[in-house]
>>> print(open('protein-v8.txt').read())   # compact mmCIF, C-alpha atoms and all ligand atoms
# COMPACT_ATOMS: atom_id res chain seq x y z
CA MET W 1 -11.21 0.97 16.54
CA ALA W 2 -10.79 -2.16 18.66
CA PHE W 3 -9.49 -5.70 18.66
CA GLY W 4 -12.01 -7.60 20.74
CA ASP W 5 -12.22 -5.80 24.08
CA LYS W 6 -9.03 -3.88 23.43
CA MET W 7 -9.84 -0.35 22.35
CA ILE W 8 -7.13 1.10 20.11
CA GLN W 9 -8.44 4.59 19.22
CA GLN W 10 -11.76 6.33 19.75
CA ASP W 11 -13.56 9.53 18.78
CA LEU W 12 -11.82 9.80 15.44
CA SER W 13 -13.62 12.18 13.13
CA PHE W 14 -11.92 13.55 10.05
CA ASP W 15 -12.24 13.81 6.32
CA ILE W 16 -9.83 13.06 3.52
CA ARG W 17 -10.07 15.78 0.90
CA ALA W 18 -9.86 14.99 -2.78
CA GLY W 19 -6.39 15.81 -4.10
CA GLU W 20 -4.69 16.29 -0.76
CA VAL W 21 -1.81 14.47 0.89
CA LEU W 22 -2.91 13.57 4.40
CA ALA W 23 -0.17 12.32 6.70
CA ILE W 24 -0.98 10.21 9.75
CA ALA W 25 1.52 10.21 12.62
CA GLY W 26 1.69 9.11 16.22
CA GLY W 27 3.71 6.88 18.52
CA SER W 28 4.52 3.29 17.73
CA GLY W 29 1.54 1.06 18.37
CA CYS W 30 -0.98 3.91 18.59
CA GLY W 31 -3.03 2.49 15.72
CA LYS W 32 -1.85 4.10 12.49
CA SER W 33 -1.73 0.89 10.46
CA THR W 34 -5.00 -0.19 12.04
CA LEU W 35 -6.57 3.09 10.93
CA LEU W 36 -5.40 2.49 7.36
CA ARG W 37 -7.01 -0.95 7.42
CA HIS W 38 -10.27 0.69 8.49
CA LEU W 39 -10.01 3.25 5.70
CA ILE W 40 -9.45 0.69 2.95
CA GLY W 41 -12.30 -1.60 3.87
CA LEU W 42 -10.31 -4.38 5.54
CA GLN W 43 -11.40 -3.91 9.15
CA ALA W 44 -14.78 -2.66 10.32
CA PRO W 45 -14.87 -0.09 13.10
CA ALA W 46 -16.12 -1.36 16.47
CA LYS W 47 -18.34 1.73 16.42
CA GLY W 48 -18.85 4.37 13.80
CA ARG W 49 -18.65 4.58 10.05
CA VAL W 50 -16.19 5.01 7.24
CA LEU W 51 -17.76 6.91 4.36
CA TYR W 52 -16.43 7.05 0.82
CA GLY W 53 -18.42 9.86 -0.70
CA ASP W 54 -21.82 9.14 0.75
CA ARG W 55 -21.31 5.38 0.86
CA ASP W 56 -20.63 3.57 4.11
CA LEU W 57 -17.89 1.03 3.34
CA TYR W 58 -19.04 -1.38 6.00
CA ALA W 59 -22.75 -1.13 5.25
CA SER W 60 -22.10 -2.07 1.64
CA ASP W 61 -22.61 -5.55 0.29
CA ALA W 62 -19.51 -7.53 -0.61
CA ALA W 63 -19.69 -6.74 -4.33
CA THR W 64 -20.03 -2.99 -3.71
CA LEU W 65 -17.20 -3.01 -1.19
CA ALA W 66 -15.01 -4.90 -3.64
CA ALA W 67 -15.79 -2.34 -6.34
CA LEU W 68 -15.06 0.57 -4.00
CA ARG W 69 -11.80 -1.00 -2.91
CA ARG W 70 -10.63 -1.13 -6.49
CA GLU W 71 -10.39 2.66 -6.30
CA PHE W 72 -7.85 2.33 -3.49
CA GLY W 73 -4.18 1.63 -4.06
CA VAL W 74 -2.35 0.33 -1.02
CA THR W 75 1.16 -0.40 0.13
CA PHE W 76 1.41 -2.14 3.47
CA GLN W 77 3.99 -1.41 6.14
CA ALA W 78 5.73 -4.75 5.81
CA GLY W 79 4.53 -4.89 2.24
CA ALA W 80 6.93 -6.50 -0.06
CA LEU W 81 6.60 -7.91 -3.52
CA TRP W 82 5.80 -11.51 -4.36
CA SER W 83 9.29 -12.99 -4.57
CA SER W 84 8.19 -15.73 -6.95
CA MET W 85 7.33 -13.19 -9.65
CA THR W 86 9.38 -10.60 -11.47
CA VAL W 87 8.84 -6.94 -10.67
CA GLY W 88 6.79 -6.54 -13.84
CA GLU W 89 4.61 -9.53 -12.99
CA ASN W 90 4.00 -8.06 -9.55
CA VAL W 91 2.72 -4.85 -11.10
CA MET W 92 0.62 -6.71 -13.67
CA LEU W 93 -1.00 -8.96 -11.07
CA PRO W 94 -3.82 -6.55 -10.07
CA MET W 95 -4.62 -6.00 -13.76
CA GLN W 96 -4.72 -9.74 -14.33
CA LEU W 97 -7.00 -10.24 -11.33
CA PHE W 98 -9.33 -7.29 -11.75
CA THR W 99 -9.41 -6.20 -15.38
CA ASP W 100 -9.92 -7.82 -18.75
CA MET W 101 -6.78 -6.23 -20.20
CA ASP W 102 -4.86 -8.59 -22.45
CA GLY W 103 -1.23 -9.49 -21.84
CA ALA W 104 0.21 -6.83 -24.13
CA ALA W 105 -1.89 -4.08 -22.56
CA ARG W 106 -0.95 -5.25 -19.07
CA GLU W 107 2.73 -5.19 -19.92
CA GLN W 108 2.52 -1.75 -21.47
CA GLU W 109 0.68 -0.39 -18.45
CA ALA W 110 3.07 -2.04 -15.98
CA ARG W 111 6.08 -0.64 -17.82
CA PHE W 112 4.45 2.79 -17.72
CA LYS W 113 3.79 2.55 -13.96
CA LEU W 114 7.33 1.37 -13.30
CA ALA W 115 8.72 4.27 -15.35
CA LEU W 116 6.53 6.61 -13.33
CA VAL W 117 8.25 5.52 -10.11
CA GLY W 118 11.69 5.63 -11.72
CA LEU W 119 12.03 1.90 -12.26
CA GLY W 120 11.75 1.82 -16.03
CA ASP W 121 14.57 -0.73 -16.27
CA SER W 122 13.28 -3.14 -13.65
CA PHE W 123 10.38 -4.82 -15.42
CA ASP W 124 12.22 -8.14 -15.74
CA ALA W 125 14.11 -7.87 -12.45
CA GLU W 126 13.65 -10.28 -9.57
CA PRO W 127 12.40 -8.51 -6.42
CA SER W 128 15.46 -9.77 -4.52
CA ALA W 129 17.66 -7.71 -6.86
CA LEU W 130 16.07 -4.40 -5.79
CA SER W 131 17.34 -2.14 -3.04
CA GLY W 132 15.06 -1.13 -0.18
CA GLY W 133 14.11 2.14 -1.85
CA MET W 134 13.49 0.45 -5.18
CA THR W 135 11.27 -2.15 -3.49
CA LYS W 136 9.19 0.61 -1.90
CA ARG W 137 8.80 2.29 -5.27
CA ALA W 138 7.93 -0.99 -7.00
CA ALA W 139 5.24 -1.59 -4.37
CA ILE W 140 3.87 1.88 -5.18
CA ALA W 141 3.89 1.02 -8.89
CA ARG W 142 1.81 -2.05 -8.07
CA ALA W 143 -0.52 0.05 -5.92
CA LEU W 144 -0.96 2.36 -8.92
CA ALA W 145 -1.72 -0.52 -11.29
CA LEU W 146 -5.45 0.15 -11.42
CA ASP W 147 -5.16 3.97 -11.45
CA PRO W 148 -6.54 4.41 -7.93
CA ALA W 149 -8.31 7.61 -6.93
CA LEU W 150 -6.83 7.15 -3.47
CA LEU W 151 -3.41 5.88 -2.57
CA PHE W 152 -2.71 4.61 0.96
CA LEU W 153 0.94 4.29 1.97
CA ASP W 154 2.07 2.86 5.30
CA GLU W 155 5.50 4.23 6.22
CA PRO W 156 6.71 4.49 2.61
CA SER W 157 10.03 6.07 3.51
CA ALA W 158 10.85 4.13 6.68
CA GLY W 159 14.34 2.70 6.49
CA LEU W 160 15.36 4.61 3.39
CA ASP W 161 18.44 6.79 3.12
CA PRO W 162 17.71 10.54 2.90
CA LEU W 163 18.19 10.70 -0.87
CA SER W 164 15.85 7.76 -1.60
CA SER W 165 13.40 9.21 0.85
CA ALA W 166 13.52 12.59 -0.92
CA HIS W 167 12.91 10.88 -4.26
CA LEU W 168 9.90 9.15 -2.81
CA ASP W 169 8.58 12.50 -1.58
CA GLU W 170 8.94 13.88 -5.11
CA LEU W 171 7.06 10.90 -6.50
CA ILE W 172 4.20 11.41 -4.04
CA LEU W 173 3.98 15.10 -4.94
CA HIS W 174 4.00 14.22 -8.64
CA LEU W 175 1.17 11.71 -8.20
CA CYS W 176 -0.82 14.21 -6.28
CA ARG W 177 -0.23 17.33 -8.37
CA ASP W 178 -0.01 15.87 -11.84
CA LEU W 179 -2.30 12.86 -11.65
CA GLY W 180 -4.76 14.17 -9.07
CA THR W 181 -4.28 11.15 -6.82
CA THR W 182 -5.34 11.64 -3.22
CA VAL W 183 -2.67 10.29 -0.88
CA VAL W 184 -3.00 9.08 2.71
CA MET W 185 0.42 8.37 4.14
CA VAL W 186 1.45 7.03 7.52
CA SER W 187 4.82 8.56 8.31
CA HIS W 188 7.01 9.58 11.18
CA GLU W 189 9.63 11.11 8.91
CA LEU W 190 9.49 14.82 9.57
CA ASP W 191 11.22 15.74 6.33
CA SER W 192 8.58 13.82 4.40
CA ILE W 193 5.71 15.24 6.39
CA PHE W 194 6.84 18.80 5.84
CA ALA W 195 7.70 18.18 2.18
CA VAL W 196 4.49 16.55 1.03
CA ALA W 197 1.65 16.66 3.56
CA ASP W 198 -1.11 19.22 3.19
CA ARG W 199 -2.45 18.15 6.55
CA LEU W 200 -1.28 15.99 9.41
CA LEU W 201 -3.56 13.83 11.55
CA PHE W 202 -1.96 13.05 14.89
CA LEU W 203 -3.05 9.99 16.87
CA ASP W 204 -2.12 10.18 20.53
CA THR W 205 -0.93 7.05 22.31
CA ALA W 206 -1.80 8.14 25.84
CA THR W 207 -5.35 9.37 25.31
CA ARG W 208 -6.03 7.03 22.36
CA THR W 209 -7.65 9.64 20.23
CA MET W 210 -6.72 12.19 17.59
CA THR W 211 -5.20 15.29 19.12
CA ALA W 212 -4.44 17.38 16.05
CA LEU W 213 -5.46 17.79 12.43
CA GLY W 214 -4.05 20.56 10.28
CA PRO W 215 -1.21 21.81 8.10
CA PRO W 216 2.11 20.62 9.60
CA ARG W 217 3.56 24.12 9.83
CA GLU W 218 0.51 25.42 11.65
CA LEU W 219 0.67 22.53 14.08
CA GLN W 220 4.39 23.11 14.54
CA ALA W 221 3.70 26.73 15.44
CA SER W 222 0.55 26.43 17.46
CA GLY W 223 -0.54 22.80 17.88
CA PRO W 224 -0.88 20.99 21.21
CA GLU W 225 2.41 20.74 23.09
CA HIS W 226 3.08 17.04 22.41
CA VAL W 227 2.43 17.59 18.71
CA ARG W 228 4.75 20.61 18.64
CA ASP W 229 7.37 18.45 20.36
CA PHE W 230 6.92 15.75 17.74
CA LEU W 231 7.27 18.28 14.92
CA GLN W 232 10.29 19.98 16.43
CA ARG W 233 12.50 16.97 16.91
CA ALA W 234 14.68 17.99 14.00
CA PRO W 235 15.72 21.48 12.94
CA ARG W 236 13.90 22.69 9.85
CA THR W 237 15.08 25.27 7.42
N1 LIG M 301 -4.50 -8.35 14.64
C1 LIG M 301 -4.38 -7.76 15.83
N2 LIG M 301 -4.93 -8.31 16.94
C2 LIG M 301 -4.82 -7.71 18.13
N3 LIG M 301 -4.19 -6.55 18.35
C3 LIG M 301 -3.63 -5.97 17.30
C4 LIG M 301 -3.68 -6.52 15.97
N4 LIG M 301 -3.03 -5.70 15.13
C5 LIG M 301 -2.59 -4.67 15.87
N5 LIG M 301 -2.94 -4.82 17.17
C6 LIG M 301 -2.66 -3.87 18.25
O1 LIG M 301 -3.25 -2.64 17.92
C7 LIG M 301 -2.39 -1.58 18.29
C8 LIG M 301 -2.13 -0.70 17.13
O2 LIG M 301 -1.33 -1.41 16.16
P1 LIG M 301 -0.89 -0.72 14.83
O3 LIG M 301 -0.09 -1.72 14.08
O4 LIG M 301 -2.07 -0.14 14.15
O5 LIG M 301 0.04 0.46 15.35
P2 LIG M 301 0.93 1.48 14.54
O6 LIG M 301 0.60 2.84 15.02
O7 LIG M 301 0.82 1.22 13.09
O8 LIG M 301 2.40 1.10 15.05
P3 LIG M 301 3.82 1.25 14.30
O9 LIG M 301 4.21 2.69 14.37
O10 LIG M 301 4.74 0.40 15.13
O11 LIG M 301 3.65 0.74 12.91
C9 LIG M 301 -1.16 -2.22 18.91
O12 LIG M 301 -1.31 -2.20 20.30
C10 LIG M 301 -1.18 -3.61 18.38
O13 LIG M 301 -0.60 -4.50 19.31
MG MG M 302 2.11 0.64 11.63
>>> encode(input="protein-v8.txt", output="structure tokens", more="lines below")
Ligand SMILES: Nc1ncnc2c1ncn2[C@@H]1O[C@H](COP(=O)(O)OP(=O)(O)OP(=O)(O)O)[C@@H](O)[C@H]1O
Ligand SMILES: [Mg+2]
Amino acid sequence: MAFGDKMIQQDLSFDIRAGEVLAIAGGSGCGKSTLLRHLIGLQAPAKGRVLYGDRDLYASDAATLAALRREFGVTFQAGALWSSMTVGENVMLPMQLFTDMDGAAREQEARFKLALVGLGDSFDAEPSALSGGMTKRAAIARALALDPALLFLDEPSAGLDPLSSAHLDELILHLCRDLGTTVVMVSHELDSIFAVADRLLFLDTATRTMTALGPPRELQASGPEHVRDFLQRAPRT
């Protein structure tokens, strides 16, 4: 991955398994958000490929890429809601843009998605009336609007209090276990990583490559030293 001549990460080779929660961690600025952009079809790798099934995202024509991307739900790191629309309108927007659902069907679906993330009462709310945790969950409801096979979350629990963060973890597990959604989540919250991630991909800042991929507890016990250090910052029960 590169911006012009500036190489961000190299020699990344990993798979995302259907039905898993894959966490991506690493120091600030190492390229986690950039990796997500590569995975969702927004930024082509300087070298290499991103395959979805057997299809190369960046060798696909625009129409195919657009169709593939509709299977991806995304919340961005700074991702907020459109402040000029209600919460419900935010969640209905992808349906309005990408489906031929009528207004009543869109509303029903949006209310269902909001209930799923615990915001059943917020359909008519203005985004500015939501707390930080509620905003994160509303953004996830919008990401779920088109029933994505894959959900990409960039730091979903950053800045949340422990209780809101724990609720978000439960939501992610529910999506994964009960709906079969595959989740790729950038996170540096150890509690979250241990609670929800099947595997952790660690991007190293110094060497600019991935230095670990595996179940968090295995990496905590026997991963490379800097990854063990990262996973041992807080006591775990
Ligand atoms: N549009 C851009 N043009 C040039 N460089 C960029 C661009 N976006 C990001 N970068 C650089 O790429 C590197 C990786 O950025 P990225 O946002 O992916 O890091 P990150 O791991 O998500 O960081 P954080 O933990 O702070 O969110 C940084 O050095 C950043 O300055
Ligand atoms: Mg980032």
>>> residues_near_ligand(input="protein-v8.txt", ligand="ligand MG 302 (chain M)", cutoff="7 Å", atoms="all atoms listed in the file", output="PyMOL selection string")
chain W and resi 29+31-33+77+154
>>> residues_around(input="protein-v8.txt", residues="W:Gln10", least_positions_apart="2", cutoff="8 Å", atoms="all atoms listed in the file", output="list of chain:residue names")
W:Met1, W:Met7, W:Ile8, W:Leu12, W:Arg208, W:Thr209
>>> residues_near_ligand(input="protein-v8.txt", ligand="ligand LIG 301 (chain M)", cutoff="12 Å", atoms="only C-alpha atoms and all ligand atoms", output="number ranges by chain")
W: 1-9, 24-38, 42-43, 76-78, 153-156, 158, 185-189, 202-206, 208-209
>>> atom_distance(input="protein-v8.txt", atom1="atom CA of W:Tyr52", atom2="atom CA of W:Ile172")
21.6 Å
>>> closest_residue(input="protein-v8.txt", among="W:Thr181, W:Gln96, W:Asn90, W:Gln232", to="W:Ala141", atoms="all atoms listed in the file")
W:Asn90
>>> atom_distance(input="protein-v8.txt", atom1="atom CA of W:Arg177", atom2="atom CA of W:Ser222")
27.4 Å
>>> atom_distance(input="protein-v8.txt", atom1="atom CA of W:Val184", atom2="atom CA of W:Leu57")
16.9 Å
>>> residues_around(input="protein-v8.txt", residues="W:Asp169", least_positions_apart="5", cutoff="9 Å", atoms="only C-alpha atoms", output="list in words")
Ser157, Ser164, His174, Asp191, Ser192, Ile193, Ala195 and Val196 of chain W
>>> decode(input="protein-v8.txt", residues="stretch 86-157 of chain W", atoms="C-alpha atoms", output="tab-separated table (two decimals), in the first residue's frame")
chain	number	residue	atom	x	y	z
W	86	THR	CA	-32.79	12.35	10.71
W	87	VAL	CA	-31.28	9.12	11.97
W	88	GLY	CA	-33.92	7.14	10.10
W	89	GLU	CA	-33.23	9.01	6.86
W	90	ASN	CA	-29.54	8.27	7.27
W	91	VAL	CA	-30.25	4.56	7.48
W	92	MET	CA	-32.69	4.67	4.57
W	93	LEU	CA	-30.28	6.55	2.31
W	94	PRO	CA	-28.40	3.47	0.99
W	95	MET	CA	-31.73	1.78	0.25
W	96	GLN	CA	-32.92	4.87	-1.60
W	97	LEU	CA	-29.70	5.03	-3.62
W	98	PHE	CA	-29.18	1.36	-4.36
W	99	THR	CA	-32.49	-0.48	-4.22
W	100	ASP	CA	-35.95	-0.08	-5.68
W	101	MET	CA	-37.63	-0.46	-2.28
W	102	ASP	CA	-40.57	1.90	-1.84
W	103	GLY	CA	-40.76	4.39	1.01
W	104	ALA	CA	-42.77	2.15	3.32
W	105	ALA	CA	-40.40	-0.78	2.85
W	106	ARG	CA	-37.39	1.46	3.42
W	107	GLU	CA	-38.86	2.79	6.63
W	108	GLN	CA	-39.73	-0.67	7.91
W	109	GLU	CA	-36.23	-1.93	7.13
W	110	ALA	CA	-34.55	1.11	8.69
W	111	ARG	CA	-36.62	0.76	11.85
W	112	PHE	CA	-35.64	-2.91	11.99
W	113	LYS	CA	-31.93	-2.10	11.59
W	114	LEU	CA	-32.12	0.60	14.24
W	115	ALA	CA	-33.84	-1.81	16.63
W	116	LEU	CA	-31.09	-4.31	15.92
W	117	VAL	CA	-28.46	-1.87	17.21
W	118	GLY	CA	-30.61	-0.86	20.18
W	119	LEU	CA	-31.84	2.41	18.72
W	120	GLY	CA	-35.46	1.47	18.14
W	121	ASP	CA	-36.63	4.85	19.45
W	122	SER	CA	-34.28	7.01	17.42
W	123	PHE	CA	-35.78	6.81	13.93
W	124	ASP	CA	-36.99	10.42	14.02
W	125	ALA	CA	-34.10	11.78	16.08
W	126	GLU	CA	-31.65	14.35	14.80
W	127	PRO	CA	-28.07	13.01	14.75
W	128	SER	CA	-26.98	15.87	17.02
W	129	ALA	CA	-29.28	14.48	19.74
W	130	LEU	CA	-27.39	11.16	19.92
W	131	SER	CA	-24.55	10.38	22.31
W	132	GLY	CA	-21.21	9.19	20.97
W	133	GLY	CA	-22.08	5.54	21.50
W	134	MET	CA	-25.49	5.96	19.91
W	135	THR	CA	-23.92	7.67	16.89
W	136	LYS	CA	-21.53	4.75	16.43
W	137	ARG	CA	-24.44	2.32	16.59
W	138	ALA	CA	-26.53	4.41	14.19
W	139	ALA	CA	-23.61	4.38	11.74
W	140	ILE	CA	-23.55	0.59	12.05
W	141	ALA	CA	-27.30	0.46	11.38
W	142	ARG	CA	-26.67	2.44	8.19
W	143	ALA	CA	-23.81	0.12	7.27
W	144	LEU	CA	-26.24	-2.79	7.70
W	145	ALA	CA	-28.90	-1.17	5.52
W	146	LEU	CA	-28.25	-3.39	2.51
W	147	ASP	CA	-27.66	-6.60	4.52
W	148	PRO	CA	-23.93	-6.75	3.77
W	149	ALA	CA	-22.10	-10.07	3.75
W	150	LEU	CA	-19.08	-8.21	5.13
W	151	LEU	CA	-19.04	-5.42	7.64
W	152	PHE	CA	-15.96	-3.19	7.96
W	153	LEU	CA	-15.69	-1.10	11.12
W	154	ASP	CA	-12.91	1.42	11.73
W	155	GLU	CA	-12.39	1.91	15.47
W	156	PRO	CA	-16.05	1.36	16.37
W	157	SER	CA	-15.49	1.62	20.11
